Each structure stands twice: as C-alpha cells, then as structure tokens.
Amino acid sequence: MIQAWSLTQPEWTCKIDEGPAGIAYARWSPDSRHILTTSDFQLRLTVWSLLNTACVHVQGPKHGSKGVSFTKDGKFAAICTRRDCKDYVNLLSCHAWEIMGAFSVDTLDLADIEWSPDDSAIVIWDSPLEYKVLIYSPDGRCLSKYQAYESGLGVKSVSWSPCGQYLAVGSYDQMLRVLNHLTWKTFAEFMHLSTVRGPCCAALFKEVDEPLHLNMSELCLSDEFLQGNSDVSEGHFRVMYEVTEVPISFAFPEASSRQTES
C-alpha cells in the first residue's frame with residue numbers, strides 16, 4: 001500500500017492499494033501529479049493519477065526499481081519491458097500516458113536505460129555478463145553499438161555529461177571510456193590504478209593504539225586539600241597529577257589525614 005499527503009492541504013489524502021499484485025517499488029512522475037508503481041515479480045507497471053481515479057497499466061516491466069527514464073522536460077517516458085524472452089523499450093507520453101511506440105533492442109539481459117540531457121538519444125546497456133552499450137534514437141533507430149572487449153565482465157555504470165556531448169562508460173576492467181556524441185567513438189580512456197600516488201606535500205595521518213604511560217614522579221596533592229577540606233573524613237578526596245599537560249584525577253577510599261600526608 002502507498003499513502004500520500006499534501007503539505008498545503010492537510011485534509012487531502014491518497015491511498016493506493018495494488019491488492020494481490022503487491023507493490024515492489026514506487027516513484028514520482030516529473031509533473032508530481034502521478035505515481036508509478038511496479039508490482040511484485042514485475043507483473044505490471046501502473047501509472048496512478050492524483051487528480052482523478054484513472055490509471056494506466058504497462059505489462060511486463062523489465063525491472064522493479066530500474067528501467068524507467070524520463071526526458072528532461074518531463075514530456076516523455078521510456079520504460080523497458082520484456083516479453084517472449086526479448087527486451088523492448090516503450091515510449092509513453094506523460095500527458096495522457098499513451099504508448100507512442102515500442103521497439104525491440106539488441107540485448108541479452110537489459111540492465112538499465114537513460115535519456116540523454118538534450119533528449120535526442122537513449123542509451124541502453126546490457127548486463128555485466130555481456131559488454132554491450134547501445135544508443136538509440138527516440139524513433140527506434142540504433143545509432144551506435146559499442147563493445148570494448150568480448151571476454152570478461154562488461155559494463156558497470158554509464159553516465160551522460162551534463163551537456164550531453166559525452167558518454168562515460170565504466171567497466172569491470174578498471175577502465176573508464178568516454179565516447180563522443182558525434183561519432184560515438186572512444187576519445188579518452190582513464191585507468192583506475194591499483195596504487196594511487198599523491199603529491200609529495202600531502203599530509204598522512206594514522207591512528208596508533210599505544211598504552212598510556214603515566215609519570216608518577218609528579219604526583220602531588222591538590223590545592224583544595226592543602227587549604228583544608230572538612231569533608232575528607234566523611235568521604236573520598238582526590239589527588240591530582242599531570243601527564244603531558246593533561247590533568248587526570250583519581251579517587252581514593254576514605255583514609256586518615258596522617259596516612260595521606262605520609
């Protein structure tokens with residue numbers, strides 16, 4: 001079950017219940033007027049309207065918390081689905097939540113999807129078992145296919161630059177490759193070194209556990225006791241001493257003044 005409240009209208013409340021289908025994940029739409037929920041076992045994705053009781057269903061979403069991306073203007077949404085052992089991308093209009101179109105993608109097990117910052121392209125990458133990065137246009141044309149190597153674990157993460165002209169692809173081979181949006185070719189590679197060497201002027205601090213050595217040679221009575229304390233015979237008194245300019249106090253049991261002075 002999902003509950004929603006209004007900060008400006010306390011009397012307004014909303015409760016969404018998927019029933020036996022359950023709710024595995026929920027997210028807001030860009031206009032903050034709809035809530036998207038994914039049912040358990042990725043049976044369906046439902047778009048709930050907070051303005052009325054209307055809802056739209058998308059069958060077979062690929063993932064629970066991933067596989068959904070919105071354009072920067074919030075007008076369109078790309079939702080990954082899977083049916084008949086094939087991955088698809090469904091384009092929906094966020095105004096009426098109607099499916100504008102759908103196209104299949106060349107992936108074995110689609111990992112995630114993301115719109116470019118200028119909303120001109122969609123990047124899709126495969127699971128770590130298959131190194132494959134695909135760039136599609138909104139109409140379903142494959143603009144480019146990038147594969148750095150074939151053997152070994154593949155893509156770990158993908159991110160657009162804020163301007164949308166570069167696409168960074170992080171791989172399990174400890175390499176970061178940057179693609180150009182014009183040719184979709186690699187123009188820069190960065191290696192994550194196993195040993196990071198910092199500047200010679202860097203200050204390094206290490207905490208070391210060492211036993212505390214007390215200097216008992218400077219043991220002395222406190223000034224309060226020398227001035228006379230009438231409560232000594234009735235309870236405890238304290239003896240002060242210093243170690244590296246840090247005062248430390250100890251409490252001794254009741255004793256006579258003569259034993260203390262000795």
# chains A, B, ... in the order shown; residues from 1 in each chain; ligands from 1
call {"tool": "residues_around", "arguments": {"residues": "Tyr149 (chain A)", "least_positions_apart": "2", "cutoff": "10 Å", "atoms": "only C-alpha atoms", "output": "list of chain:residue names"}}
result
A:Glu130, A:Tyr131, A:Lys132, A:Tyr146, A:Gln147, A:Ser151, A:Gly152, A:Leu153, A:Gly154, A:Asp173
call {"tool": "select_by_dssp", "arguments": {"residues": "region 12-218 of chain A", "states": "strand (DSSP E)", "output": "ChimeraX atom specification"}}
result
/A:13-16,25-28,34-38,44-49,55-59,68-70,76-83,86-93,99-104,110-115,122-126,133-136,142-146,155-160,166-171,175-180,186-191
call {"tool": "atom_distance", "arguments": {"atom1": "CA of Ala78 (chain A)", "atom2": "CA of Leu92 (chain A)"}}
result
6.5 Å
call {"tool": "closest_atom_pairs", "arguments": {"of": "region 86-158 of chain A", "to": "region 184-190 of chain A", "cutoff": "12 Å", "atoms": "only C-alpha atoms", "output": "CSV"}}
result
residue,atom,partner,partner_atom,distance
A:Ala121,CA,A:Trp184,CA,11.7
A:Val123,CA,A:Trp184,CA,11.4
A:Val133,CA,A:Trp184,CA,10.5
A:Leu134,CA,A:Trp184,CA,10.1
A:Ile135,CA,A:Trp184,CA,8.7
A:Tyr136,CA,A:Trp184,CA,11.6
A:Cys142,CA,A:Trp184,CA,11.7
A:Leu143,CA,A:Trp184,CA,8.5
A:Ser144,CA,A:Trp184,CA,6.6
A:Lys145,CA,A:Trp184,CA,8.3
A:Tyr146,CA,A:Trp184,CA,7.9
A:Gln147,CA,A:Lys185,CA,10.5
A:Ala148,CA,A:Thr186,CA,9.3
call {"tool": "select_by_dssp", "arguments": {"residues": "region 28-251 of chain A", "states": "helix (DSSP H, G or I)", "output": "ChimeraX atom specification"}}
result
/A:40-42,216-218,223-226
call {"tool": "residues_around", "arguments": {"residues": "Ile124 (chain A)", "least_positions_apart": "6", "cutoff": "12 Å", "atoms": "only C-alpha atoms", "output": "PyMOL selection string"}}
result
chain A and resi 66-69+78-80+87-89+104-116+131-137+140+142-146+155+157-160+167+169
call {"tool": "write_last_selection", "arguments": {"atoms": "C-alpha atoms", "output": "PDB file, in the first residue's frame"}}
result
ATOM      1  CA  LYS A  66      15.250   0.493 -12.753  1.00  0.00           C
ATOM      2  CA  GLY A  67      14.422   0.521 -16.440  1.00  0.00           C
ATOM      3  CA  VAL A  68      12.411   3.804 -16.392  1.00  0.00           C
ATOM      4  CA  SER A  69      13.760   7.142 -17.633  1.00  0.00           C
ATOM      5  CA  ALA A  78      10.958   5.329 -21.758  1.00  0.00           C
ATOM      6  CA  ILE A  79      10.002   2.101 -19.979  1.00  0.00           C
ATOM      7  CA  CYS A  80      11.854  -1.170 -20.511  1.00  0.00           C
ATOM      8  CA  ASP A  87      13.765  -6.785 -24.358  1.00  0.00           C
ATOM      9  CA  TYR A  88      11.678  -3.833 -25.546  1.00  0.00           C
ATOM     10  CA  VAL A  89      11.529  -0.082 -24.984  1.00  0.00           C
ATOM     11  CA  SER A 104      12.995  -4.157 -29.559  1.00  0.00           C
ATOM     12  CA  VAL A 105      16.626  -3.747 -28.503  1.00  0.00           C
ATOM     13  CA  ASP A 106      19.618  -5.976 -29.183  1.00  0.00           C
ATOM     14  CA  THR A 107      20.375  -7.019 -25.602  1.00  0.00           C
ATOM     15  CA  LEU A 108      20.564 -10.366 -23.863  1.00  0.00           C
ATOM     16  CA  ASP A 109      19.552  -9.047 -20.455  1.00  0.00           C
ATOM     17  CA  LEU A 110      18.925  -5.286 -20.423  1.00  0.00           C
ATOM     18  CA  ALA A 111      20.411  -3.632 -17.340  1.00  0.00           C
ATOM     19  CA  ASP A 112      19.132  -0.038 -17.490  1.00  0.00           C
ATOM     20  CA  ILE A 113      18.183   2.887 -19.713  1.00  0.00           C
ATOM     21  CA  GLU A 114      18.770   6.652 -19.658  1.00  0.00           C
ATOM     22  CA  TRP A 115      17.770   9.597 -21.830  1.00  0.00           C
ATOM     23  CA  SER A 116      20.464  11.996 -22.949  1.00  0.00           C
ATOM     24  CA  TYR A 131      29.689  -5.961 -22.725  1.00  0.00           C
ATOM     25  CA  LYS A 132      27.285  -4.005 -24.901  1.00  0.00           C
ATOM     26  CA  VAL A 133      26.291  -0.330 -24.964  1.00  0.00           C
ATOM     27  CA  LEU A 134      23.570   0.673 -27.441  1.00  0.00           C
ATOM     28  CA  ILE A 135      22.498   4.197 -28.408  1.00  0.00           C
ATOM     29  CA  TYR A 136      19.031   4.542 -29.948  1.00  0.00           C
ATOM     30  CA  SER A 137      17.086   7.453 -31.354  1.00  0.00           C
ATOM     31  CA  GLY A 140      13.887   3.213 -32.529  1.00  0.00           C
ATOM     32  CA  CYS A 142      20.138   2.152 -33.497  1.00  0.00           C
ATOM     33  CA  LEU A 143      22.634   4.995 -33.760  1.00  0.00           C
ATOM     34  CA  SER A 144      25.656   3.119 -32.443  1.00  0.00           C
ATOM     35  CA  LYS A 145      26.795  -0.060 -30.753  1.00  0.00           C
ATOM     36  CA  TYR A 146      29.860  -0.008 -28.536  1.00  0.00           C
ATOM     37  CA  VAL A 155      29.666  -2.585 -18.144  1.00  0.00           C
ATOM     38  CA  SER A 157      27.927   2.017 -14.936  1.00  0.00           C
ATOM     39  CA  VAL A 158      27.009   4.543 -17.643  1.00  0.00           C
ATOM     40  CA  SER A 159      26.549   8.306 -17.277  1.00  0.00           C
ATOM     41  CA  TRP A 160      25.935  11.255 -19.598  1.00  0.00           C
ATOM     42  CA  LEU A 167      29.024   9.439 -22.581  1.00  0.00           C
ATOM     43  CA  VAL A 169      31.215   4.037 -19.605  1.00  0.00           C
TER      44      VAL A 169
END
call {"tool": "residues_around", "arguments": {"residues": "Glu18 (chain A)", "least_positions_apart": "6", "cutoff": "12 Å", "atoms": "only C-alpha atoms", "output": "VMD selection string"}}
result
chain A and resid 1 to 3 24 to 26 36 to 40 43 to 48 55 57
call {"tool": "residues_around", "arguments": {"residues": "Leu50 (chain A)", "least_positions_apart": "3", "cutoff": "9 Å", "atoms": "only C-alpha atoms", "output": "PDB file with C-alpha atoms, in the first residue's frame"}}
result
ATOM      1  CA  CYS A  14      -4.388   9.433  -1.036  1.00  0.00           C
ATOM      2  CA  SER A  32       4.347  15.362  -9.409  1.00  0.00           C
ATOM      3  CA  ARG A  33       0.757  14.544 -10.328  1.00  0.00           C
ATOM      4  CA  HIS A  34       1.227  10.835 -10.954  1.00  0.00           C
ATOM      5  CA  ILE A  35       2.775   7.936  -9.064  1.00  0.00           C
ATOM      6  CA  THR A  53      -9.023   7.800 -10.285  1.00  0.00           C
ATOM      7  CA  ALA A  54      -7.574   6.996 -13.720  1.00  0.00           C
TER       8      ALA A  54
END
call {"tool": "residues_around", "arguments": {"residues": "Asp73 (chain A)", "least_positions_apart": "3", "cutoff": "9 Å", "atoms": "only C-alpha atoms", "output": "list in words"}}
result
Pro30, Phe70, Phe76 and Asp119 of chain A
call {"tool": "write_last_selection", "arguments": {"atoms": "C-alpha atoms", "output": "compact mmCIF listing (two decimals), in the first residue's frame"}}
result
# COMPACT_ATOMS: atom_id res chain seq x y z
CA PRO A 30 8.16 14.62 -13.30
CA PHE A 70 12.09 10.49 -18.29
CA PHE A 76 8.01 11.53 -22.43
CA ASP A 119 16.55 14.25 -25.18
call {"tool": "closest_residue", "arguments": {"among": "A:Ser65, A:Thr71, A:Ser194, A:Gln165", "to": "Arg27 (chain A)", "atoms": "only C-alpha atoms"}}
result
A:Ser65
call {"tool": "closest_residue", "arguments": {"among": "A:Met100, A:Leu204, A:Val178, A:Gly60", "to": "Cys85 (chain A)", "atoms": "only C-alpha atoms"}}
result
A:Gly60
call {"tool": "decode", "arguments": {"residues": "region 178-191 of chain A", "atoms": "all heavy atoms", "output": "short mmCIF file (atom, residue, chain, number, x, y, z; two decimals), in the first residue's frame"}}
result
data_model
loop_
_atom_site.label_atom_id
_atom_site.label_comp_id
_atom_site.auth_asym_id
_atom_site.auth_seq_id
_atom_site.Cartn_x
_atom_site.Cartn_y
_atom_site.Cartn_z
N VAL A 178 35.33 7.28 -22.49
CA VAL A 178 34.44 8.40 -22.80
C VAL A 178 34.19 8.42 -24.30
O VAL A 178 35.13 8.42 -25.10
CB VAL A 178 35.06 9.74 -22.34
CG1 VAL A 178 34.08 10.88 -22.59
CG2 VAL A 178 35.42 9.67 -20.86
N LEU A 179 32.91 8.43 -24.68
CA LEU A 179 32.51 8.43 -26.09
C LEU A 179 32.05 9.81 -26.51
O LEU A 179 31.46 10.56 -25.73
CB LEU A 179 31.39 7.41 -26.33
CG LEU A 179 31.60 6.00 -25.79
CD1 LEU A 179 30.40 5.11 -26.13
CD2 LEU A 179 32.88 5.39 -26.33
N ASN A 180 32.28 10.15 -27.78
CA ASN A 180 31.84 11.41 -28.36
C ASN A 180 30.45 11.22 -28.96
O ASN A 180 30.16 10.19 -29.58
CB ASN A 180 32.83 11.87 -29.43
CG ASN A 180 32.54 13.26 -29.92
OD1 ASN A 180 31.52 13.51 -30.56
ND2 ASN A 180 33.44 14.19 -29.62
N HIS A 181 29.58 12.22 -28.80
CA HIS A 181 28.21 12.07 -29.27
C HIS A 181 28.06 12.23 -30.78
O HIS A 181 26.99 11.94 -31.33
CB HIS A 181 27.31 13.11 -28.57
CG HIS A 181 27.40 14.48 -29.15
ND1 HIS A 181 28.56 15.24 -29.09
CD2 HIS A 181 26.49 15.24 -29.82
CE1 HIS A 181 28.35 16.39 -29.68
NE2 HIS A 181 27.11 16.43 -30.14
N LEU A 182 29.11 12.68 -31.47
CA LEU A 182 29.04 12.83 -32.92
C LEU A 182 29.36 11.53 -33.64
O LEU A 182 28.63 11.09 -34.53
CB LEU A 182 29.98 13.95 -33.38
CG LEU A 182 29.65 15.36 -32.88
CD1 LEU A 182 30.70 16.35 -33.34
CD2 LEU A 182 28.26 15.78 -33.33
N THR A 183 30.46 10.89 -33.25
CA THR A 183 30.88 9.65 -33.90
C THR A 183 30.65 8.43 -33.03
O THR A 183 30.77 7.31 -33.53
CB THR A 183 32.37 9.74 -34.25
OG1 THR A 183 33.14 9.92 -33.04
CG2 THR A 183 32.63 10.93 -35.17
N TRP A 184 30.36 8.63 -31.74
CA TRP A 184 30.21 7.55 -30.77
C TRP A 184 31.45 6.66 -30.72
O TRP A 184 31.37 5.45 -30.59
CB TRP A 184 28.97 6.71 -31.09
CG TRP A 184 27.71 7.51 -31.07
CD1 TRP A 184 26.92 7.80 -32.14
CD2 TRP A 184 27.10 8.13 -29.94
NE1 TRP A 184 25.85 8.57 -31.76
CE2 TRP A 184 25.93 8.79 -30.40
CE3 TRP A 184 27.41 8.20 -28.58
CZ2 TRP A 184 25.08 9.50 -29.55
CZ3 TRP A 184 26.56 8.91 -27.74
CH2 TRP A 184 25.42 9.55 -28.23
N LYS A 185 32.61 7.30 -30.86
CA LYS A 185 33.89 6.62 -30.76
C LYS A 185 34.59 7.04 -29.46
O LYS A 185 34.35 8.11 -28.92
CB LYS A 185 34.79 6.94 -31.97
CG LYS A 185 34.18 6.57 -33.32
CD LYS A 185 33.99 5.08 -33.45
CE LYS A 185 33.45 4.72 -34.83
NZ LYS A 185 33.22 3.26 -34.99
N THR A 186 35.49 6.18 -29.01
CA THR A 186 36.23 6.47 -27.79
C THR A 186 37.31 7.52 -28.08
O THR A 186 38.12 7.35 -29.00
CB THR A 186 36.89 5.20 -27.23
OG1 THR A 186 35.89 4.20 -27.03
CG2 THR A 186 37.60 5.49 -25.93
N PHE A 187 37.30 8.61 -27.32
CA PHE A 187 38.33 9.61 -27.50
C PHE A 187 39.16 9.79 -26.23
O PHE A 187 40.17 10.52 -26.25
CB PHE A 187 37.73 10.95 -27.91
CG PHE A 187 37.11 11.73 -26.79
CD1 PHE A 187 37.84 12.72 -26.14
CD2 PHE A 187 35.82 11.45 -26.37
CE1 PHE A 187 37.26 13.42 -25.10
CE2 PHE A 187 35.26 12.17 -25.35
CZ PHE A 187 35.97 13.16 -24.70
N ALA A 188 38.79 9.15 -25.14
CA ALA A 188 39.57 9.25 -23.91
C ALA A 188 39.35 8.00 -23.09
O ALA A 188 38.24 7.44 -23.06
CB ALA A 188 39.18 10.48 -23.11
N GLU A 189 40.43 7.54 -22.45
CA GLU A 189 40.38 6.38 -21.57
C GLU A 189 41.15 6.70 -20.29
O GLU A 189 42.21 7.33 -20.33
CB GLU A 189 40.99 5.14 -22.23
CG GLU A 189 40.21 4.63 -23.43
CD GLU A 189 40.81 3.35 -23.99
OE1 GLU A 189 41.89 2.94 -23.49
OE2 GLU A 189 40.21 2.76 -24.90
N PHE A 190 40.58 6.28 -19.18
CA PHE A 190 41.19 6.52 -17.88
C PHE A 190 41.29 5.20 -17.13
O PHE A 190 40.30 4.46 -17.05
CB PHE A 190 40.38 7.54 -17.08
CG PHE A 190 40.20 8.86 -17.77
CD1 PHE A 190 39.07 9.10 -18.54
CD2 PHE A 190 41.16 9.86 -17.68
CE1 PHE A 190 38.87 10.31 -19.17
CE2 PHE A 190 40.99 11.07 -18.31
CZ PHE A 190 39.85 11.30 -19.07
N MET A 191 42.47 4.95 -16.57
CA MET A 191 42.71 3.71 -15.85
C MET A 191 42.63 3.97 -14.35
O MET A 191 43.17 4.96 -13.85
CB MET A 191 44.09 3.14 -16.21
CG MET A 191 44.55 1.98 -15.32
SD MET A 191 43.53 0.49 -15.51
CE MET A 191 44.11 -0.05 -17.13
#
